[in-house]
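Text of the file protein27.txt, holding compact mmCIF, C-alpha atoms and all ligand atoms:
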# COMPACT_ATOMS: atom_id res chain seq x y z
CA MET A 291 -11.74 -32.91 12.69
CA SER A 292 -14.67 -34.49 14.53
CA ASP A 293 -17.05 -32.55 16.79
CA ALA A 294 -15.60 -34.42 19.76
CA ALA A 295 -12.38 -32.47 19.27
CA TYR A 296 -14.17 -29.12 19.06
CA ASP A 297 -12.58 -26.88 21.69
CA ASP A 298 -14.82 -23.97 22.57
CA ARG A 299 -12.49 -22.28 25.03
CA PRO A 300 -12.09 -18.54 24.33
CA LEU A 301 -9.06 -16.72 23.04
CA LEU A 302 -8.14 -14.16 25.69
CA VAL A 303 -6.93 -10.84 24.24
CA LEU A 304 -5.35 -8.27 26.56
CA ASP A 305 -4.30 -4.65 26.33
CA SER A 306 -4.12 -1.69 28.70
CA GLY A 307 -6.98 -0.02 26.81
CA ILE A 308 -8.70 0.08 23.44
CA GLY A 309 -5.53 -0.62 21.41
CA GLY A 310 -5.97 -4.38 21.39
CA LEU A 311 -9.25 -3.91 19.54
CA THR A 312 -7.16 -3.27 16.41
CA VAL A 313 -5.89 -6.84 16.74
CA LEU A 314 -9.19 -8.28 17.91
CA ARG A 315 -11.02 -7.07 14.79
CA GLU A 316 -8.52 -8.89 12.56
CA ALA A 317 -8.68 -12.00 14.73
CA ARG A 318 -12.47 -12.00 14.45
CA VAL A 319 -12.30 -11.94 10.65
CA LEU A 320 -9.91 -14.88 10.59
CA MET A 321 -11.66 -16.84 13.36
CA PRO A 322 -15.38 -16.09 13.15
CA GLU A 323 -16.23 -19.23 15.12
CA ARG A 324 -13.91 -18.43 18.00
CA ARG A 325 -15.10 -16.98 21.32
CA PHE A 326 -13.13 -13.97 22.63
CA VAL A 327 -12.61 -12.42 26.04
CA TYR A 328 -11.16 -8.92 25.70
CA VAL A 329 -9.37 -7.78 28.85
CA VAL A 330 -8.80 -4.07 29.35
CA ASP A 331 -6.24 -3.50 32.08
CA ASP A 332 -7.46 0.06 32.44
CA ALA A 333 -6.53 0.15 36.13
CA ALA A 334 -2.91 0.22 34.92
CA PHE A 335 -3.23 2.46 31.82
CA PRO A 336 -0.86 3.66 30.42
CA TYR A 337 1.56 0.72 30.48
CA GLY A 338 4.09 2.84 28.61
CA ASN A 339 5.09 4.84 31.67
CA TRP A 340 5.51 1.95 34.16
CA GLU A 341 8.81 0.82 35.69
CA GLU A 342 9.74 -2.55 34.18
CA PRO A 343 9.85 -4.83 37.28
CA ALA A 344 6.52 -3.55 38.64
CA LEU A 345 4.69 -3.98 35.32
CA ARG A 346 6.17 -7.43 34.74
CA GLU A 347 5.03 -8.55 38.18
CA ARG A 348 1.56 -7.10 37.63
CA LEU A 349 1.18 -8.92 34.31
CA VAL A 350 2.31 -12.28 35.70
CA ASP A 351 -0.15 -12.00 38.60
CA LEU A 352 -2.99 -10.73 36.41
CA PHE A 353 -2.59 -13.53 33.84
CA GLY A 354 -2.58 -16.09 36.66
CA GLU A 355 -6.01 -14.86 37.71
CA LEU A 356 -7.35 -14.46 34.18
CA ILE A 357 -6.27 -17.97 33.17
CA ALA A 358 -7.89 -19.45 36.29
CA ILE A 359 -11.16 -17.58 35.68
CA HIS A 360 -11.55 -17.81 31.91
CA ASP A 361 -9.73 -21.05 31.05
CA PRO A 362 -8.63 -19.66 27.66
CA ILE A 363 -7.36 -21.80 24.80
CA ALA A 364 -4.52 -19.25 24.43
CA CYS A 365 -3.64 -15.70 25.42
CA LEU A 366 -2.96 -12.98 22.87
CA ILE A 367 -1.12 -10.01 24.34
CA ALA A 368 -2.32 -7.29 21.99
CA CYS A 369 0.15 -4.79 23.37
CA ASN A 370 3.77 -4.14 22.43
CA THR A 371 4.60 -2.55 25.79
CA ALA A 372 3.49 -5.66 27.70
CA SER A 373 4.81 -8.24 25.20
CA THR A 374 8.32 -6.81 24.92
CA LEU A 375 8.54 -6.80 28.70
CA ALA A 376 6.77 -9.89 29.95
CA LEU A 377 6.39 -12.57 27.25
CA GLU A 378 9.33 -14.55 28.56
CA ALA A 379 8.23 -14.28 32.20
CA LEU A 380 4.68 -15.30 31.31
CA ARG A 381 5.80 -18.34 29.34
CA ALA A 382 8.02 -19.38 32.24
CA ALA A 383 5.25 -18.84 34.82
CA TYR A 384 2.52 -20.65 32.84
CA PRO A 385 4.27 -23.28 30.70
CA GLN A 386 0.99 -25.04 29.80
CA MET A 387 -0.46 -21.88 28.27
CA THR A 388 0.19 -20.59 24.76
CA PHE A 389 1.03 -16.89 24.61
CA VAL A 390 1.00 -14.94 21.35
CA GLY A 391 2.77 -11.60 21.62
CA THR A 392 2.76 -8.33 19.72
CA VAL A 393 6.24 -6.98 19.13
CA PRO A 394 7.47 -4.11 16.93
CA ALA A 395 7.30 -5.06 13.22
CA ILE A 396 10.96 -4.26 12.63
CA LYS A 397 11.71 -7.27 10.41
CA PRO A 398 9.00 -6.53 7.79
CA ALA A 399 9.93 -2.84 7.87
CA ALA A 400 13.59 -3.65 7.21
CA GLU A 401 12.57 -5.91 4.32
CA ARG A 402 10.34 -3.28 2.71
CA THR A 403 12.19 -0.01 3.13
CA ARG A 404 13.69 1.48 -0.01
CA SER A 405 15.37 4.50 1.57
CA GLY A 406 16.87 2.50 4.44
CA LEU A 407 15.41 4.97 6.95
CA VAL A 408 12.81 3.37 9.20
CA SER A 409 11.15 4.81 12.31
CA VAL A 410 9.53 2.87 15.13
CA LEU A 411 6.78 4.79 16.89
CA ALA A 412 5.98 3.30 20.29
CA THR A 413 5.44 3.99 23.97
CA PRO A 414 8.47 5.08 26.02
CA GLY A 415 8.43 1.60 27.58
CA THR A 416 8.69 -0.26 24.25
CA VAL A 417 11.41 2.09 23.01
CA LYS A 418 13.67 1.43 25.97
CA ARG A 419 13.23 -2.36 26.02
CA GLN A 420 16.18 -4.60 25.34
CA TYR A 421 13.74 -6.78 23.35
CA THR A 422 13.22 -3.94 20.85
CA ARG A 423 16.96 -3.29 20.57
CA ASP A 424 17.56 -6.99 19.99
CA LEU A 425 15.01 -6.99 17.14
CA ILE A 426 16.91 -4.14 15.48
CA GLU A 427 20.22 -5.91 16.02
CA GLN A 428 18.82 -9.13 14.56
CA TRP A 429 16.83 -7.86 11.56
CA ALA A 430 17.69 -4.27 10.74
CA THR A 431 21.44 -3.87 10.75
CA LYS A 432 21.34 -2.68 7.14
CA CYS A 433 18.93 0.18 7.92
CA GLU A 434 18.96 3.17 10.15
CA VAL A 435 16.23 2.80 12.72
CA THR A 436 14.95 5.81 14.64
CA LEU A 437 13.15 4.91 17.85
CA VAL A 438 10.47 7.42 18.80
CA GLY A 439 8.90 7.12 22.24
CA SER A 440 5.60 8.93 22.54
CA VAL A 441 4.31 9.82 25.98
CA SER A 442 0.80 10.79 24.96
CA LEU A 443 -0.26 9.17 21.65
CA ALA A 444 -1.93 6.15 23.29
CA ALA A 445 -4.01 8.49 25.44
CA LEU A 446 -4.81 10.65 22.39
CA ALA A 447 -6.03 7.53 20.58
CA GLU A 448 -8.26 6.67 23.56
CA THR A 449 -9.75 10.17 23.47
CA TYR A 450 -10.24 10.02 19.72
CA MET A 451 -12.09 6.72 19.87
CA ARG A 452 -14.29 7.84 22.74
CA HIS A 453 -15.07 11.38 21.66
CA GLY A 454 -14.42 11.41 17.93
CA SER A 455 -11.89 14.22 17.82
CA VAL A 456 -8.26 14.80 18.64
CA GLU A 457 -6.04 17.84 18.65
CA GLU A 458 -4.14 17.59 15.38
CA SER A 459 -1.26 19.76 16.57
CA ALA A 460 -0.68 17.27 19.42
CA VAL A 461 -0.55 14.35 16.96
CA SER A 462 1.75 16.35 14.73
CA ALA A 463 4.18 17.05 17.59
CA GLU A 464 4.25 13.37 18.62
CA ILE A 465 5.02 12.02 15.14
CA ALA A 466 7.45 14.76 14.05
CA PRO A 467 10.65 12.94 15.22
CA CYS A 468 9.73 9.96 12.98
CA PHE A 469 10.52 11.99 9.87
CA VAL A 470 14.22 11.94 9.15
CA GLU A 471 16.06 13.33 6.11
CA LYS A 472 19.60 12.23 5.46
CA ASP A 473 21.88 12.43 2.40
CA GLY A 474 18.93 13.04 0.10
CA ARG A 475 16.99 10.11 1.59
CA ARG A 476 13.85 10.25 3.70
CA THR A 477 12.12 7.93 6.16
CA ASP A 478 9.72 5.80 4.13
CA ILE A 479 8.30 3.43 6.79
CA VAL A 480 6.92 4.17 10.25
CA VAL A 481 6.23 1.06 12.33
CA LEU A 482 3.13 1.46 14.48
CA ALA A 483 4.58 -0.32 17.50
CA CYS A 484 1.68 0.37 19.83
CA THR A 485 -1.68 -1.21 19.11
CA HIS A 486 -3.49 2.04 19.92
CA TYR A 487 -1.93 3.93 17.02
CA PRO A 488 -3.81 2.46 14.04
CA PHE A 489 -6.91 4.18 15.41
CA VAL A 490 -5.31 7.58 14.74
CA VAL A 491 -3.37 6.68 11.61
CA ASN A 492 -5.58 8.84 9.40
CA ARG A 493 -4.77 11.85 11.59
CA MET A 494 -1.08 10.94 11.38
CA ARG A 495 -1.30 10.62 7.61
CA LYS A 496 -2.84 14.06 7.43
CA MET A 497 -0.19 15.66 9.65
CA ALA A 498 2.82 13.86 8.12
CA PRO A 499 5.36 16.10 6.35
CA TRP A 500 5.60 13.51 3.52
CA PRO A 501 3.85 10.23 2.71
CA VAL A 502 5.18 7.07 4.38
CA ASP A 503 4.04 3.48 4.78
CA TRP A 504 2.49 3.16 8.28
CA LEU A 505 3.10 -0.45 9.20
CA ASP A 506 0.28 -1.96 11.28
CA PRO A 507 1.04 -5.55 12.31
CA ALA A 508 -2.49 -6.40 13.53
CA GLU A 509 -3.36 -8.79 10.71
CA ALA A 510 -0.02 -10.59 10.95
CA ILE A 511 -0.54 -11.10 14.69
CA ALA A 512 -4.03 -12.45 14.16
CA ARG A 513 -2.67 -14.82 11.49
CA ARG A 514 0.00 -15.99 13.89
CA ALA A 515 -2.66 -16.74 16.51
CA LEU A 516 -4.73 -18.62 13.92
CA SER A 517 -1.74 -20.68 12.86
CA ILE A 518 -1.00 -21.98 16.33
CA LEU A 519 -4.55 -22.63 17.54
CA PRO A 520 -6.15 -25.99 16.95
CA ARG A 521 -8.38 -26.04 13.87
CA ILE A 522 -12.02 -25.65 14.67
CA ALA A 523 -14.77 -27.96 13.36
CA SER A 524 -16.11 -26.72 10.03
CA ASP A 525 -19.68 -26.82 11.36
CA ALA A 526 -18.90 -24.73 14.45
CA PRO A 527 -21.30 -21.78 14.85
CA VAL A 528 -20.11 -18.55 13.22
CA GLY A 529 -20.82 -14.96 14.29
CA ARG A 530 -21.24 -15.56 17.99
CA HIS A 531 -22.76 -13.03 20.32
CA ASP A 532 -21.21 -14.00 23.62
CA ASP A 533 -17.85 -12.24 23.47
CA VAL A 534 -17.17 -10.07 26.49
CA ALA A 535 -14.99 -7.16 27.56
CA VAL A 536 -13.57 -7.20 31.07
CA PHE A 537 -12.17 -4.09 32.81
CA THR A 538 -9.65 -4.43 35.62
CA SER A 539 -10.78 -1.09 37.06
CA GLY A 540 -14.29 -2.47 37.38
CA ARG A 541 -15.62 0.94 36.35
CA ALA A 542 -15.79 1.49 32.63
CA ASP A 543 -17.87 4.56 31.86
CA ALA A 544 -20.89 4.58 29.55
CA VAL A 545 -18.91 5.88 26.55
CA THR A 546 -16.33 3.11 26.89
CA ARG A 547 -18.99 0.45 27.30
CA ARG A 548 -20.73 1.70 24.19
CA LEU A 549 -17.44 1.57 22.27
CA MET A 550 -16.92 -2.03 23.34
CA GLN A 551 -20.47 -2.91 22.37
CA GLY A 552 -19.78 -1.43 18.94
CA PHE A 553 -17.04 -4.03 18.62
CA GLY A 554 -19.54 -6.75 19.53
CA LEU A 555 -18.36 -7.15 23.11
CA ALA A 556 -20.82 -7.43 25.99
CA THR A 557 -19.73 -5.35 28.96
CA GLU A 558 -22.02 -6.88 31.55
CA GLY A 559 -21.17 -10.25 32.99
CA GLY A 560 -17.47 -10.24 32.10
CA ILE A 561 -15.69 -11.81 35.03
CA LEU A 562 -12.99 -9.76 36.71
CA PRO A 563 -10.10 -10.97 38.79
CA ALA A 564 -10.92 -10.44 42.48
N1 LIG B 1 -1.43 -0.56 23.38
C1 LIG B 1 -0.19 -0.62 24.08
C2 LIG B 1 0.95 -1.05 23.17
O1 LIG B 1 0.75 -1.72 22.17
C3 LIG B 1 0.27 0.49 24.97
C4 LIG B 1 -0.53 1.60 25.52
C5 LIG B 1 -0.09 2.00 26.93
O2 LIG B 1 0.87 2.75 27.10
O3 LIG B 1 -0.73 1.49 27.85
O4 LIG B 1 2.09 -0.79 23.43
Just dump the structure as structure tokens.
Amino acid sequence: MSDAAYDDRPLLVLDSGIGGLTVLREARVLMPERRFVYVVDDAAFPYGNWEEPALRERLVDLFGELIAIHDPIACLIACNTASTLALEALRAAYPQMTFVGTVPAIKPAAERTRSGLVSVLATPGTVKRQYTRDLIEQWATKCEVTLVGSVSLAALAETYMRHGSVEESAVSAEIAPCFVEKDGRRTDIVVLACTHYPFVVNRMRKMAPWPVDWLDPAEAIARRALSILPRIASDAPVGRHDDVAVFTSGRADAVTRRLMQGFGLATEGGILPA
């Protein structure tokens, strides 16, 4: 590819909070030359508890503004709750834009399980989506899938990342329904179907009644984004320092800004929708 074809537009990555950073860090490894804008829709956190029509409408409006402001090469929705609800509406509203979604990793879980008992740990929103049920119908008819909607794990992960500790009994209570025993078999895979959860997976591992495979799809999503983006010139600069985090609330506190900076994201100068 010649330099003339080098497209420096950023990849826009969105989540309601810090969860999308689990995808961003994988995307960075695979695309060190790419510029990133990380959008935190913290004004709407948590997405998991929203009514579907209102959240869908919010996301369509928000992406309209973000696309106009940042002119991204593509948009990566690093959030299961938003993707399972609004991917279709976003693609219909902005047909020129490429959207990469994050949806529960039910297919790989169904392929890997040995016991046939798989659990999907997600927000209440993702658990009730038709999209999620369709994935089970399409890929996991030979397994028994337990859907576990957690009201507070995303918030617990936010607290953990900001303050470094989390109440283990609370994590334990949230994950308990994932562990099913039936006819001498036990759940052997738990799908982390919320991008916040990998941040607390070590706590989950510690509190789990038996060992399971915690399936984190972040790398697969980043690979998917890489595969559909145009190749970048081999002499493009690597290890850029102009990635930004943007907060829809407009008021990220010092601890959150520091966290973002730790991920190499500048928190000043990110442009917000009006
Ligand atoms: N990180 C989001 C997800 O992957 C959800 C967190 C929230 O409820 O806002 O589903």
Counting all atoms listed in the file, which residues of chain A sit at most 8 Å from some atom of ligand LIG 1 (chain B), and what is each one's closest atom pair with its distance in Å to one decimal, listed by chain and rising residue number, as a Markdown table?
| residue | atom | partner | partner_atom | distance |
| --- | --- | --- | --- | --- |
| A:Asp305 | CA | B:LIG1 | N1 | 5.8 |
| A:Ser306 | CA | B:LIG1 | O3 | 4.7 |
| A:Gly307 | CA | B:LIG1 | O3 | 6.5 |
| A:Ile308 | CA | B:LIG1 | N1 | 7.3 |
| A:Gly309 | CA | B:LIG1 | N1 | 4.5 |
| A:Gly310 | CA | B:LIG1 | N1 | 6.3 |
| A:Ala334 | CA | B:LIG1 | O3 | 7.5 |
| A:Phe335 | CA | B:LIG1 | O3 | 4.8 |
| A:Pro336 | CA | B:LIG1 | O3 | 3.4 |
| A:Tyr337 | CA | B:LIG1 | O3 | 3.6 |
| A:Gly338 | CA | B:LIG1 | O2 | 3.6 |
| A:Asn339 | CA | B:LIG1 | O2 | 6.6 |
| A:Ala368 | CA | B:LIG1 | O1 | 6.4 |
| A:Cys369 | CA | B:LIG1 | O1 | 3.4 |
| A:Asn370 | CA | B:LIG1 | O1 | 3.9 |
| A:Thr371 | CA | B:LIG1 | O4 | 3.9 |
| A:Ala372 | CA | B:LIG1 | O4 | 6.6 |
| A:Thr392 | CA | B:LIG1 | O1 | 7.3 |
| A:Ala412 | CA | B:LIG1 | O4 | 6.5 |
| A:Thr413 | CA | B:LIG1 | O2 | 5.7 |
| A:Gly415 | CA | B:LIG1 | O2 | 7.7 |
| A:Thr416 | CA | B:LIG1 | O4 | 6.7 |
| A:Val441 | CA | B:LIG1 | O2 | 7.9 |
| A:Ala444 | CA | B:LIG1 | C4 | 5.3 |
| A:Ala445 | CA | B:LIG1 | O2 | 7.7 |
| A:Ala483 | CA | B:LIG1 | O1 | 6.2 |
| A:Cys484 | CA | B:LIG1 | O1 | 3.3 |
| A:Thr485 | CA | B:LIG1 | O1 | 3.9 |
| A:His486 | CA | B:LIG1 | N1 | 4.8 |
| A:Tyr487 | CA | B:LIG1 | N1 | 7.8 |
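Picture a line from atom CA of A:Glu458 to atom CA of A:Met494; it runs 8.3 Å.
Here atom CA of A:Glu509 is placed at a distance of 28.9 Å from atom CA of A:Asp543.
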Counting all atoms listed in the file, which residues come within 12 Å of (2.7, 16.2, 20.1), with the point read in the file's coordinates, and could you list them as a JSON list (two decimals) with C-alpha atoms, keeping the file's coordinate frame?
[["chain", "number", "residue", "atom", "x", "y", "z"],
["A", 438, "VAL", "CA", 10.47, 7.42, 18.80],
["A", 439, "GLY", "CA", 8.90, 7.12, 22.24],
["A", 440, "SER", "CA", 5.60, 8.93, 22.54],
["A", 441, "VAL", "CA", 4.31, 9.82, 25.98],
["A", 442, "SER", "CA", 0.80, 10.79, 24.96],
["A", 443, "LEU", "CA", -0.26, 9.17, 21.65],
["A", 444, "ALA", "CA", -1.93, 6.15, 23.29],
["A", 445, "ALA", "CA", -4.01, 8.49, 25.44],
["A", 446, "LEU", "CA", -4.81, 10.65, 22.39],
["A", 456, "VAL", "CA", -8.26, 14.80, 18.64],
["A", 457, "GLU", "CA", -6.04, 17.84, 18.65],
["A", 458, "GLU", "CA", -4.14, 17.59, 15.38],
["A", 459, "SER", "CA", -1.26, 19.76, 16.57],
["A", 460, "ALA", "CA", -0.68, 17.27, 19.42],
["A", 461, "VAL", "CA", -0.55, 14.35, 16.96],
["A", 462, "SER", "CA", 1.75, 16.35, 14.73],
["A", 463, "ALA", "CA", 4.18, 17.05, 17.59],
["A", 464, "GLU", "CA", 4.25, 13.37, 18.62],
["A", 465, "ILE", "CA", 5.02, 12.02, 15.14],
["A", 466, "ALA", "CA", 7.45, 14.76, 14.05],
["A", 467, "PRO", "CA", 10.65, 12.94, 15.22],
["A", 468, "CYS", "CA", 9.73, 9.96, 12.98],
["A", 494, "MET", "CA", -1.08, 10.94, 11.38],
["A", 497, "MET", "CA", -0.19, 15.66, 9.65]]
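Around A:Met451, within 8 Å and counting all atoms listed in the file, the residues found are Ala447, Glu448, Gly454, Ser455, Phe489 and Leu549 of chain A, once anything fewer than 3 positions away on its own chain is removed.
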Could you save the residues just selected, with C-alpha atoms, as a CSV table (one decimal), in the coordinates of the input?
chain,number,residue,atom,x,y,z
A,447,ALA,CA,-6.0,7.5,20.6
A,448,GLU,CA,-8.3,6.7,23.6
A,454,GLY,CA,-14.4,11.4,17.9
A,455,SER,CA,-11.9,14.2,17.8
A,489,PHE,CA,-6.9,4.2,15.4
A,549,LEU,CA,-17.4,1.6,22.3
